[in-house]
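K.L.:
Next up is a structure, given as structure tokens.
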Amino acid sequence: MEIAVVGTGYVGLVTGVSLSEIGHHVVCIDLNKDKVEKMRKGISPIYEPGLSELMIKNINAQRLSFTSDHRKGLQQADVIYIAVGTPENADGSAELSFVIEAAENIVACIERDVIVVTKSTVPVGTNDMIKDIIQSQLTSDLKVEVVSNPEFLKEGSAIHDSFHGDRIVIGADSEYAFNVIEKINQPFNVPIFKTDIKSAEMIKYASNAFLATKISFINEISNICELLGANIENVSTGMGLDQRIGSQFLKAGIGYGGSCFPKDTKALIQIAGNVAYEFELLKGVVNVNKKQQGLIIRKLTDCIPDISGKKIAVLGLSFKPNTDDLRESASILVTEELIKQGAEVVAYDPIAMDNAKTVLNSSIQYADSIEEAIENSDAALILTDWDEIKNVDLTVFNKMKNPLVIDGRNCFLVKDMETHGIEYRSIGRPA
Ligand code: UGA
């Protein structure tokens with residue numbers, strides 16, 4: 001089987017590399033020539049633990065290659081994965097122009113019967129649309145099948161998740177397509193769930209929306225805990241022991257970010273709206289998240305009502321640890337608000353500094369270490385629970401003017417901060 005992957009963003013690149021790692025021949029296609037040149041040398045355009053190593057290994061084994069030439073990449077393929085972006089339109093719906101373009105390129109370039117597999121997160125009905133585009137533009141008698149195969153990888157642990165996922169979902173409408181895609185995925189040794197195409201498309205959105213709901217739910221419980229003097233850490237642990245609830249995604253914080261939950265929740269509200277259904281619960285989830293992202297500023301101004309001219313250290317900028325991704329990260333909103341209120345902001349992140357400099361540009365200062373960021377600051381805000389932050393020697397906070405730490409990720413024990421004489425505010429725990 002010759003496999004082509006269209007698009008080398010996070011989903012496409014991880015998909016291509018993982019498929020080559022289990023023995024397939026894979027060519028990854030991306031229009032960006034510079035990016036292709038770098039990837040040919042094993043340089044990953046994203047920070048993802050373990051990815052570069054697997055790229056180099058499979059390039060050397062001649063199972064993995066990269067091209068910016070669509071025709072070259074597509075003409076000999078038996079299976080083509082579409083893994084292009086589906087960004088958010090202004091109304092929250094998914095923008096499908098890259099998917100449409102990919103389908104049109106496929107039909108223009110293929111020279112064999114192919115199975116087109118959609119990895120991108122696409123609204124229910126999109127695979128039918130892809131099928132229609134291909135059938136209406138096909139001038140030969142080649143056979144083209146379309147399969148929905150959504151991805152469930154998490155940034156920061158994508159390689160691990162590829163080989164230890166909970167399930168692989170395959171949505172198809174022919175036994176032949178099911179068999180081919182099942183066989184390709186068998187070496188992953190992950191349970192396979194076969195279903196119809198529309199249900200597969202919905203499984204992806206419903207899963208992300210459900211996880212986002214869990215997060216907004218626990219964040220609201222944490223806010224109530226604060227008012228009542230209960231401790232969210234104990235509440236989450238106690239709830240998670242119920243196997244029907246499960247312990248994952250019950251960590252209260254400053255809301256979910258990233259390229260998926262914010263976009264997919266809004267898209268699902270739109271998808272429902274398109275068939276005249278108001279998804280009230282999910283609208284609540286989105287609103288709660290927006291409010292929660294601003295919580296840390298409210299906690300800060302409770303302690304320092306006027307932050308104008310104050311030096312505020314921001315520790316952690318990526319939307320979660322082990323990634324350099326800042327998309328929809330609370331750090332964007334928080335730094336914007338700090339600047340708006342006249343604060344001087346100095347930020348530090350173990351990995352995301354380069355990306356931060358392009359997203360947050362010169363509006364803030366950047367430090368090379370936690371120590372440098374907090375030196376003489378009036379307050380430190382923790383936005384991402386990186387190990388480097390969680391394991392910091394607490395005496396470092398003595399370098400602040402008056403040690404005040406506002407922790408959006410509950411990185412430290414309240415009693416440890418007390419012992420070190422640090423004024424400490426966290427999420428859903430008694431101060
Ligand atoms: C998410 C899903 O977890 C993946 O299954 C899915 O494949 C992916 O989206 C996608 O659609 O591509 P990801 O966005 O990489 O993965 O990150 P998560 O680990 O899910 O975290 C998302 C956000 O939720 C982060 O900001 C994180 O800090 C926050 N979060 C997560 C919490 O606030 N509390 C939790 O308990 C868990």
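The chains in the structure tokens are called A, B, ... from first to last as shown; in each chain the residues are counted from 1, and the ligands are counted from 1 in the order shown.
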Tell me, which residues of stretch 222-320 of chain A carry DSSP alpha helix (DSSP H), written as a PDB file with C-alpha atoms, in the first residue's frame?

P.N.:
ATOM      1  CA  SER A 222     -14.312  24.771  41.795  1.00  0.00           C
ATOM      2  CA  ASN A 223     -15.745  28.282  41.842  1.00  0.00           C
ATOM      3  CA  ILE A 224     -18.533  27.111  44.146  1.00  0.00           C
ATOM      4  CA  CYS A 225     -15.984  25.248  46.307  1.00  0.00           C
ATOM      5  CA  GLU A 226     -14.122  28.515  46.825  1.00  0.00           C
ATOM      6  CA  LEU A 227     -17.256  30.236  48.044  1.00  0.00           C
ATOM      7  CA  LEU A 228     -18.114  27.383  50.414  1.00  0.00           C
ATOM      8  CA  ILE A 232     -11.680  21.092  44.515  1.00  0.00           C
ATOM      9  CA  GLU A 233      -8.704  18.705  44.541  1.00  0.00           C
ATOM     10  CA  ASN A 234     -10.483  16.499  47.079  1.00  0.00           C
ATOM     11  CA  VAL A 235     -13.790  16.867  45.280  1.00  0.00           C
ATOM     12  CA  SER A 236     -12.270  15.846  41.896  1.00  0.00           C
ATOM     13  CA  THR A 237     -10.523  12.870  43.453  1.00  0.00           C
ATOM     14  CA  GLY A 238     -13.683  11.749  45.204  1.00  0.00           C
ATOM     15  CA  MET A 239     -15.773  12.142  42.048  1.00  0.00           C
ATOM     16  CA  GLY A 240     -13.197  10.456  39.822  1.00  0.00           C
ATOM     17  CA  PHE A 261     -11.888  22.305  22.105  1.00  0.00           C
ATOM     18  CA  PRO A 262     -12.587  26.028  21.542  1.00  0.00           C
ATOM     19  CA  LYS A 263     -13.049  25.531  17.786  1.00  0.00           C
ATOM     20  CA  ASP A 264     -14.908  22.217  17.881  1.00  0.00           C
ATOM     21  CA  THR A 265     -17.387  23.225  20.590  1.00  0.00           C
ATOM     22  CA  LYS A 266     -18.373  26.309  18.602  1.00  0.00           C
ATOM     23  CA  ALA A 267     -18.560  24.304  15.373  1.00  0.00           C
ATOM     24  CA  LEU A 268     -20.855  21.723  16.971  1.00  0.00           C
ATOM     25  CA  ILE A 269     -23.178  24.493  18.165  1.00  0.00           C
ATOM     26  CA  GLN A 270     -23.302  25.635  14.519  1.00  0.00           C
ATOM     27  CA  ILE A 271     -23.790  22.103  13.172  1.00  0.00           C
ATOM     28  CA  ALA A 272     -26.773  21.673  15.501  1.00  0.00           C
ATOM     29  CA  GLY A 273     -28.032  25.159  14.622  1.00  0.00           C
ATOM     30  CA  ASN A 274     -27.977  24.284  10.936  1.00  0.00           C
ATOM     31  CA  GLU A 280     -28.032  24.927  25.035  1.00  0.00           C
ATOM     32  CA  LEU A 281     -25.712  22.849  27.220  1.00  0.00           C
ATOM     33  CA  LEU A 282     -22.730  23.358  24.927  1.00  0.00           C
ATOM     34  CA  LYS A 283     -23.388  27.104  24.721  1.00  0.00           C
ATOM     35  CA  GLY A 284     -23.111  27.140  28.512  1.00  0.00           C
ATOM     36  CA  VAL A 285     -19.825  25.214  28.353  1.00  0.00           C
ATOM     37  CA  VAL A 286     -18.351  27.796  25.973  1.00  0.00           C
ATOM     38  CA  ASN A 287     -19.523  30.732  28.101  1.00  0.00           C
ATOM     39  CA  VAL A 288     -18.196  29.209  31.315  1.00  0.00           C
ATOM     40  CA  ASN A 289     -14.814  28.706  29.637  1.00  0.00           C
ATOM     41  CA  LYS A 290     -14.662  32.322  28.498  1.00  0.00           C
ATOM     42  CA  LYS A 291     -15.404  33.479  32.060  1.00  0.00           C
ATOM     43  CA  GLN A 292     -12.898  31.056  33.566  1.00  0.00           C
ATOM     44  CA  GLN A 293     -10.058  32.354  31.348  1.00  0.00           C
ATOM     45  CA  LEU A 295     -10.536  34.370  36.539  1.00  0.00           C
ATOM     46  CA  ILE A 296      -6.846  34.854  37.205  1.00  0.00           C
ATOM     47  CA  ILE A 297      -7.072  38.590  36.515  1.00  0.00           C
ATOM     48  CA  ARG A 298      -9.981  38.882  38.930  1.00  0.00           C
ATOM     49  CA  LYS A 299      -7.936  37.039  41.571  1.00  0.00           C
ATOM     50  CA  LEU A 300      -4.987  39.332  40.918  1.00  0.00           C
ATOM     51  CA  THR A 301      -7.002  42.534  41.220  1.00  0.00           C
ATOM     52  CA  ASP A 302      -8.611  41.227  44.421  1.00  0.00           C
ATOM     53  CA  CYS A 303      -5.077  41.308  45.872  1.00  0.00           C
TER      54      CYS A 303
END

K.L.:
Leaving out A:Gln75 and any residue of its chain fewer than 3 positions from it, which residues lie within 8 Å of it when counting only C-alpha atoms, given as an MDAnalysis selection string?

P.N.:
chainID A and resid 71:72 109:112

K.L.:
For the residues in the current selection, export N, CA and C atoms as a tab-separated table (two decimals), in the first residue's frame.

P.N.:
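That gives us again13.tsv:
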chain	number	residue	atom	x	y	z
A	71	ARG	N	0.98	16.36	-7.50
A	71	ARG	CA	0.84	15.28	-8.48
A	71	ARG	C	1.77	14.13	-8.13
A	72	LYS	N	3.01	14.49	-7.84
A	72	LYS	CA	4.00	13.46	-7.50
A	72	LYS	C	3.56	12.65	-6.28
A	109	CYS	N	-5.21	14.53	-9.73
A	109	CYS	CA	-3.88	13.91	-9.78
A	109	CYS	C	-3.87	12.39	-9.74
A	110	ILE	N	-4.94	11.76	-9.26
A	110	ILE	CA	-4.84	10.30	-9.04
A	110	ILE	C	-4.76	9.52	-10.35
A	111	GLU	N	-4.03	8.41	-10.29
A	111	GLU	CA	-3.91	7.54	-11.47
A	111	GLU	C	-4.27	6.10	-11.11
A	112	ARG	N	-4.75	5.88	-9.88
A	112	ARG	CA	-5.14	4.54	-9.44
A	112	ARG	C	-6.48	4.65	-8.71

K.L.:
What gap, in Å, lies between atom CA of A:Met1 and atom CA of A:Ile181?

P.N.:
10.6 Å

K.L.:
Kindly indicate which residue among A:Gly92, A:Gly246, A:Gly171, A:Gly50 lies nearest to ligand 1, using only C-alpha atoms and all ligand atoms for the distances.

P.N.:
A:Gly246

K.L.:
Mind checking DSSP for stretch 272-412 of chain A and telling me the strand (DSSP E or B) residues as a list in words?

P.N.:
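The residues of stretch 272-412 of chain A classed as strand (DSSP E or B) are Lys311, Ile312, Ala313, Val314, Leu315, Glu344, Val345, Val346, Ala347, Tyr348, Gln365, Tyr366, Ala379, Ala380, Leu381, Ile382, Leu404, Val405, Ile406 and Asp407 of chain A.
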
K.L.:
Closest to ligand 1 among A:Asp128, A:Glu151, A:Glu104, A:Asp69, using only C-alpha atoms and all ligand atoms?

P.N.:
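Answer, going by the shortest atom-to-atom distance: A:Glu151.
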
K.L.:
So which one's closest to A:Glu21, A:Val314, A:Ile46, A:Leu138, A:Ile159? Using only C-alpha atoms, please.

P.N.:
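Using only C-alpha atoms, A:Glu21 sits closest to A:Ile159.
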
K.L.:
Using only C-alpha atoms, which of A:Val396, A:Ala83, A:Val6, A:Ile245 sits nearest A:Leu211?

P.N.:
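Comparing A:Val396, A:Ala83, A:Val6, A:Ile245 against A:Leu211, the winner is A:Ile245.
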